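Trainee: Pasting data27.pdb here (PDB, C-alpha atoms):
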ATOM      1  CA  MET A   1     -14.114 -26.394  20.533
ATOM      2  CA  PRO A   2     -11.301 -24.074  21.703
ATOM      3  CA  VAL A   3      -9.017 -24.668  18.696
ATOM      4  CA  GLN A   4     -11.669 -23.401  16.281
ATOM      5  CA  GLU A   5     -12.262 -20.376  18.516
ATOM      6  CA  ASN A   6      -8.514 -19.727  18.538
ATOM      7  CA  LEU A   7      -8.343 -19.998  14.732
ATOM      8  CA  ASP A   8     -11.243 -17.542  14.481
ATOM      9  CA  ALA A   9      -9.407 -15.201  16.865
ATOM     10  CA  GLN A  10      -6.265 -15.488  14.699
ATOM     11  CA  ARG A  11      -8.342 -14.651  11.630
ATOM     12  CA  GLN A  12      -9.666 -11.608  13.468
ATOM     13  CA  ALA A  13      -6.208 -10.498  14.599
ATOM     14  CA  TYR A  14      -4.155 -11.289  11.485
ATOM     15  CA  GLY A  15      -6.688 -11.528   8.679
ATOM     16  CA  GLU A  16      -6.194 -15.296   8.390
ATOM     17  CA  PRO A  17      -5.071 -18.176  10.596
ATOM     18  CA  LEU A  18      -1.371 -18.190  11.381
ATOM     19  CA  SER A  19      -1.090 -21.671   9.838
ATOM     20  CA  GLU A  20      -1.827 -20.089   6.435
ATOM     21  CA  ILE A  21       0.686 -17.286   6.972
ATOM     22  CA  PHE A  22       3.356 -19.682   8.232
ATOM     23  CA  GLY A  23       2.630 -22.118   5.397
ATOM     24  CA  ARG A  24       3.154 -19.398   2.775
ATOM     25  CA  LEU A  25       6.400 -18.312   4.424
ATOM     26  CA  ARG A  26       7.733 -21.881   4.651
ATOM     27  CA  ALA A  27       6.878 -22.480   0.985
ATOM     28  CA  ALA A  28       8.352 -19.166  -0.192
ATOM     29  CA  PHE A  29      11.696 -19.778   1.487
ATOM     30  CA  GLY A  30      11.878 -23.585   1.504
ATOM     31  CA  LEU A  31      11.920 -23.706   5.297
ATOM     32  CA  ASN A  32      10.669 -26.438   7.544
ATOM     33  CA  GLN A  33       8.847 -25.509  10.747
ATOM     34  CA  ALA A  34      12.052 -25.477  12.834
ATOM     35  CA  GLY A  35      13.785 -23.271  10.247
ATOM     36  CA  LEU A  36      10.917 -20.781  10.254
ATOM     37  CA  ALA A  37      10.907 -20.766  14.060
ATOM     38  CA  GLY A  38      14.613 -19.959  14.008
ATOM     39  CA  VAL A  39      14.203 -17.006  11.652
ATOM     40  CA  LEU A  40      11.278 -15.668  13.667
ATOM     41  CA  GLY A  41      13.015 -16.082  17.015
ATOM     42  CA  LEU A  42      10.394 -18.464  18.398
ATOM     43  CA  SER A  43      10.846 -21.873  19.899
ATOM     44  CA  ALA A  44       9.697 -24.692  17.639
ATOM     45  CA  PRO A  45       7.047 -25.768  20.196
ATOM     46  CA  MET A  46       5.634 -22.214  20.368
ATOM     47  CA  LEU A  47       5.461 -22.006  16.566
ATOM     48  CA  SER A  48       3.723 -25.376  16.546
ATOM     49  CA  GLN A  49       1.159 -24.187  19.106
ATOM     50  CA  LEU A  50       0.462 -21.018  17.089
ATOM     51  CA  ASN A  51       0.308 -23.011  13.860
ATOM     52  CA  SER A  52      -2.169 -25.546  15.251
ATOM     53  CA  GLY A  53      -4.388 -22.966  16.927
ATOM     54  CA  GLN A  54      -3.511 -24.060  20.462
ATOM     55  CA  ARG A  55      -2.355 -20.473  21.041
ATOM     56  CA  VAL A  56      -3.890 -17.373  19.490
ATOM     57  CA  LYS A  57      -1.475 -14.475  19.356
ATOM     58  CA  ILE A  58       2.165 -13.740  18.838
ATOM     59  CA  GLY A  59       3.012 -11.997  22.101
ATOM     60  CA  ASN A  60       6.448 -10.663  21.195
ATOM     61  CA  PRO A  61       6.358  -7.502  19.023
ATOM     62  CA  ALA A  62       9.791  -8.326  17.569
ATOM     63  CA  VAL A  63       8.505 -11.705  16.350
ATOM     64  CA  LEU A  64       5.423 -10.078  14.853
ATOM     65  CA  GLN A  65       7.639  -7.575  13.039
ATOM     66  CA  ARG A  66       9.739 -10.459  11.687
ATOM     67  CA  VAL A  67       6.580 -12.149  10.382
ATOM     68  CA  GLN A  68       5.722  -8.903   8.581
ATOM     69  CA  ALA A  69       9.268  -8.605   7.229
ATOM     70  CA  LEU A  70       9.182 -12.194   5.947
ATOM     71  CA  SER A  71       5.800 -11.569   4.307
ATOM     72  CA  GLU A  72       7.201  -8.510   2.551
ATOM     73  CA  LEU A  73      10.290 -10.434   1.464
ATOM     74  CA  ALA A  74       8.080 -13.239   0.109
ATOM     75  CA  ASP A  75       6.085 -10.637  -1.870
ATOM     76  CA  GLN A  76       9.309  -9.121  -3.224
ATOM     77  CA  LEU A  77      10.626 -12.543  -4.205
ATOM     78  CA  ALA A  78       7.371 -13.379  -5.999
ATOM     79  CA  GLU A  79       7.408 -10.010  -7.787
ATOM     80  CA  GLY A  80      11.029 -10.459  -8.837
ATOM     81  CA  THR A  81      12.278  -7.368  -6.995
ATOM     82  CA  VAL A  82      14.480  -9.630  -4.849
ATOM     83  CA  GLN A  83      16.585 -12.354  -6.409
ATOM     84  CA  GLN A  84      16.798 -15.889  -5.028
ATOM     85  CA  GLN A  85      20.537 -15.534  -4.402
ATOM     86  CA  ASP A  86      19.823 -12.640  -1.998
ATOM     87  CA  VAL A  87      17.288 -14.533   0.099
ATOM     88  CA  ALA A  88      19.729 -16.183   2.533
ATOM     89  CA  SER A  89      21.317 -12.883   3.536
ATOM     90  CA  ARG A  90      17.912 -11.195   3.830
ATOM     91  CA  LEU A  91      16.626 -14.037   6.018
ATOM     92  CA  GLU A  92      19.646 -13.585   8.276
ATOM     93  CA  GLU A  93      19.003  -9.820   8.485
ATOM     94  CA  ILE A  94      15.416 -10.504   9.503
ATOM     95  CA  ARG A  95      16.482 -13.177  12.022
ATOM     96  CA  THR A  96      18.859 -10.757  13.739
ATOM     97  CA  SER A  97      16.601  -7.694  13.533
ATOM     98  CA  SER A  98      15.337  -6.109  16.716
ATOM     99  CA  GLY A  99      11.820  -5.857  15.348
ATOM    100  CA  GLN A 100      11.315  -2.286  16.528
ATOM    101  CA  PHE A 101       8.221  -0.554  15.214
ATOM    102  CA  THR A 102      10.079   2.738  14.863
ATOM    103  CA  ARG A 103      11.605   1.731  11.518
ATOM    104  CA  SER A 104       9.913   0.244   8.533
ATOM    105  CA  THR A 105      10.979  -3.263   7.690
ATOM    106  CA  SER A 106      12.129  -2.344   4.208
ATOM    107  CA  THR A 107      14.192   0.566   5.502
ATOM    108  CA  ALA A 108      15.815  -1.741   8.000
ATOM    109  CA  LEU A 109      16.608  -4.126   5.156
ATOM    110  CA  GLY A 110      18.126  -1.535   2.862
ATOM    111  CA  ALA A 111      15.192  -0.223   0.813
ATOM    112  CA  SER A 112      14.918   3.474   0.210
ATOM    113  CA  GLY A 113      12.711   6.037  -1.469
ATOM    114  CA  ASP A 114       9.287   4.887  -2.608
ATOM    115  CA  ASP A 115       9.741   1.355  -1.280
ATOM    116  CA  ALA A 116      10.511   2.694   2.196
ATOM    117  CA  VAL A 117       7.451   4.964   2.144
ATOM    118  CA  VAL A 118       5.181   2.121   1.027
ATOM    119  CA  ALA A 119       6.637  -0.227   3.651
ATOM    120  CA  GLY A 120       6.225   2.418   6.329
ATOM    121  CA  MET A 121       2.582   2.979   5.421
ATOM    122  CA  ARG A 122       1.917  -0.765   5.370
ATOM    123  CA  ASN A 123       3.635  -1.294   8.716
ATOM    124  CA  LEU A 124       1.771   1.592  10.320
ATOM    125  CA  LEU A 125      -1.641   0.320   9.237
ATOM    126  CA  ARG A 126      -0.801  -3.233  10.266
ATOM    127  CA  ALA A 127       0.488  -2.053  13.635
ATOM    128  CA  VAL A 128      -2.768  -0.283  14.534
ATOM    129  CA  ALA A 129      -5.338  -2.723  13.147
ATOM    130  CA  SER A 130      -5.672  -6.338  12.088
ATOM    131  CA  GLY A 131      -6.273  -7.341   8.491
ATOM    132  CA  ALA A 132      -9.895  -8.109   9.290
ATOM    133  CA  GLU A 133     -10.375  -4.697  10.918
ATOM    134  CA  LEU A 134      -8.834  -2.933   7.929
ATOM    135  CA  SER A 135     -11.048  -4.900   5.540
ATOM    136  CA  ARG A 136     -14.168  -4.000   7.523
ATOM    137  CA  ALA A 137     -13.150  -0.329   7.633
ATOM    138  CA  ALA A 138     -12.573  -0.328   3.869
ATOM    139  CA  ALA A 139     -15.983  -1.903   3.279
ATOM    140  CA  ARG A 140     -17.653   0.757   5.433
ATOM    141  CA  LEU A 141     -15.861   3.572   3.605
ATOM    142  CA  GLU A 142     -16.382   2.213   0.086
ATOM    143  CA  ALA A 143     -19.668   3.973  -0.729
ATOM    144  CA  ASP A 144     -18.744   7.464   0.476
ATOM    145  CA  HIS A 145     -14.938   7.433   0.262
ATOM    146  CA  PRO A 146     -13.830   4.849  -2.343
ATOM    147  CA  ASP A 147     -10.295   6.236  -2.686
ATOM    148  CA  LEU A 148      -9.694   5.990   1.057
ATOM    149  CA  ALA A 149     -11.150   2.479   1.072
ATOM    150  CA  GLU A 150      -8.695   1.564  -1.707
ATOM    151  CA  VAL A 151      -5.770   2.882   0.363
ATOM    152  CA  LEU A 152      -6.818   0.754   3.336
ATOM    153  CA  ARG A 153      -7.138  -2.346   1.149
ATOM    154  CA  LEU A 154      -3.930  -1.830  -0.841
ATOM    155  CA  TYR A 155      -1.601  -0.787   1.963
ATOM    156  CA  GLY A 156      -3.298  -2.517   4.875
ATOM    157  CA  THR A 157      -4.213  -5.948   3.583
ATOM    158  CA  GLY A 158      -2.719  -6.415   0.121
ATOM    159  CA  PRO A 159       0.712  -7.468  -1.135
ATOM    160  CA  ALA A 160       3.493  -4.919  -1.591
ATOM    161  CA  GLY A 161       3.398  -4.797  -5.412
ATOM    162  CA  PRO A 162      -0.043  -3.211  -5.889
ATOM    163  CA  ALA A 163       0.617  -0.789  -3.018
ATOM    164  CA  ALA A 164       3.887   0.299  -4.656
ATOM    165  CA  ALA A 165       2.128   0.762  -7.998
ATOM    166  CA  HIS A 166      -0.576   2.856  -6.310
ATOM    167  CA  PHE A 167       2.044   5.009  -4.610
ATOM    168  CA  ALA A 168       3.896   5.495  -7.904
ATOM    169  CA  ARG A 169       0.662   6.720  -9.544
ATOM    170  CA  HIS A 170       0.109   9.222  -6.725
ATOM    171  CA  ARG A 171       3.703  10.249  -6.005
ATOM    172  CA  SER A 172       3.123  13.727  -7.449
ATOM    173  CA  LEU A 173       0.771  14.500  -4.540
ATOM    174  CA  PHE A 174       3.693  14.450  -2.102
TER
END
What's the structure tokens form of this structure?
Mentor:
Amino acid sequence: MPVQENLDAQRQAYGEPLSEIFGRLRAAFGLNQAGLAGVLGLSAPMLSQLNSGQRVKIGNPAVLQRVQALSELADQLAEGTVQQQDVASRLEEIRTSSGQFTRSTSTALGASGDDAVVAGMRNLLRAVASGAELSRAAARLEADHPDLAEVLRLYGTGPAGPAAAHFARHRSLF
């Protein structure tokens, strides 16, 4: 059953199957599959293969960065830190972004200060480990280093809002 193996591999790499990630992004922005493919810079057939588990990984780092940027934008929209009328221009910025890992997504999209620091931390953790790996690391650290485990969970696998709130509580340490 190769599709199930591929879905398990996606869960390992991204913390959940890409169909769940893509489904959330389509719902958040009212996009169909072709529209999401266009924003990500993928062909519609490639997105379909990733979505159905026929393929496992997103091979292009720029596309992966756009997925992360869209996820952050969806979080910001849900939290009310981005207004619906700004979504179209933000989607276009993401679509045309180079997807370089040298800048945080939020910095590339105009965020500054605390938001840029939080986005940078989130992007760094997500660039070096999958969601599943970060969750396992947090579980292993929990007993002896609960604060470090919380950082891995909040910044590595959680939505932007709780990570930003955590950073705001600890800003004085910087």
Trainee: I want to know what sits within 10 Å of A:Gly23, based on all atoms listed in the file, with residues of the same chain fewer than 6 positions away left out; could you give that as a ChimeraX atom specification?
Mentor: /A:31-33,36,51
Trainee: Go through A:Val39, A:Leu77, A:Val128, A:Ala138 and flag the residue nearest A:Pro159, using only C-alpha atoms for the distances.
Mentor: A:Leu77
Trainee: Can you tell me, as a list in words, what residues are no more than 12 Å from A:Gly30 when counting all atoms listed in the file, ignoring any on the same chain fewer than 3 positions away?
Mentor: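 Result of the neighbour search: Phe22, Gly23, Arg24, Leu25, Arg26, Ala27, Gln33, Ala34, Gly35, Leu36, Ala74, Gln84, Val87, Ala88 and Leu91 of chain A.
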Trainee: Anything within 7 Å of (-3.1, -16.6, 18.6): list those residues as a PyMOL selection string, counting only C-alpha atoms and sticking to the file's coordinates.
Mentor: chain A and resi 6+9-10+50+53+55-58
Trainee: Just C-alpha atoms for this one: save the residues we selected as a PDB file, in the coordinates of the input.
Mentor:
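Full text of again-v5.pdb as output:
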ATOM      1  CA  ASN A   6      -8.514 -19.727  18.538  1.00  0.00           C
ATOM      2  CA  ALA A   9      -9.407 -15.201  16.865  1.00  0.00           C
ATOM      3  CA  GLN A  10      -6.265 -15.488  14.699  1.00  0.00           C
ATOM      4  CA  LEU A  50       0.462 -21.018  17.089  1.00  0.00           C
ATOM      5  CA  GLY A  53      -4.388 -22.966  16.927  1.00  0.00           C
ATOM      6  CA  ARG A  55      -2.355 -20.473  21.041  1.00  0.00           C
ATOM      7  CA  VAL A  56      -3.890 -17.373  19.490  1.00  0.00           C
ATOM      8  CA  LYS A  57      -1.475 -14.475  19.356  1.00  0.00           C
ATOM      9  CA  ILE A  58       2.165 -13.740  18.838  1.00  0.00           C
TER      10      ILE A  58
END
Trainee: Nearest residue to A:Ala28 out of A:Ala139, A:Leu42, A:Leu70, A:Leu148, using all atoms listed in the file?
Mentor: A:Leu70
Trainee: To one decimal in Å, tell me the separation between atom CA of A:Arg171 and atom CA of A:Leu152.
Mentor: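 About the pair atom CA of A:Arg171 and atom CA of A:Leu152: they are 17.0 Å apart.
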Trainee: Taking only C-alpha atoms into account, which of A:Ser19, A:Thr157, A:Gln12, A:Ser97 comes nearest A:Gly41?
Mentor: A:Ser97
Trainee: State, in Å with one decimal place, the distance from atom CA of A:Pro162 to atom CA of A:Glu93.
Mentor: 24.8 Å
Trainee: So, with all atoms listed in the file as the atoms that count, which of A:Leu47, A:Gln4, A:Gly80, A:Asn60 lies closest to A:Gly161?
Mentor: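 Looking at the shortest contact to A:Gly161, the residue is A:Gly80.
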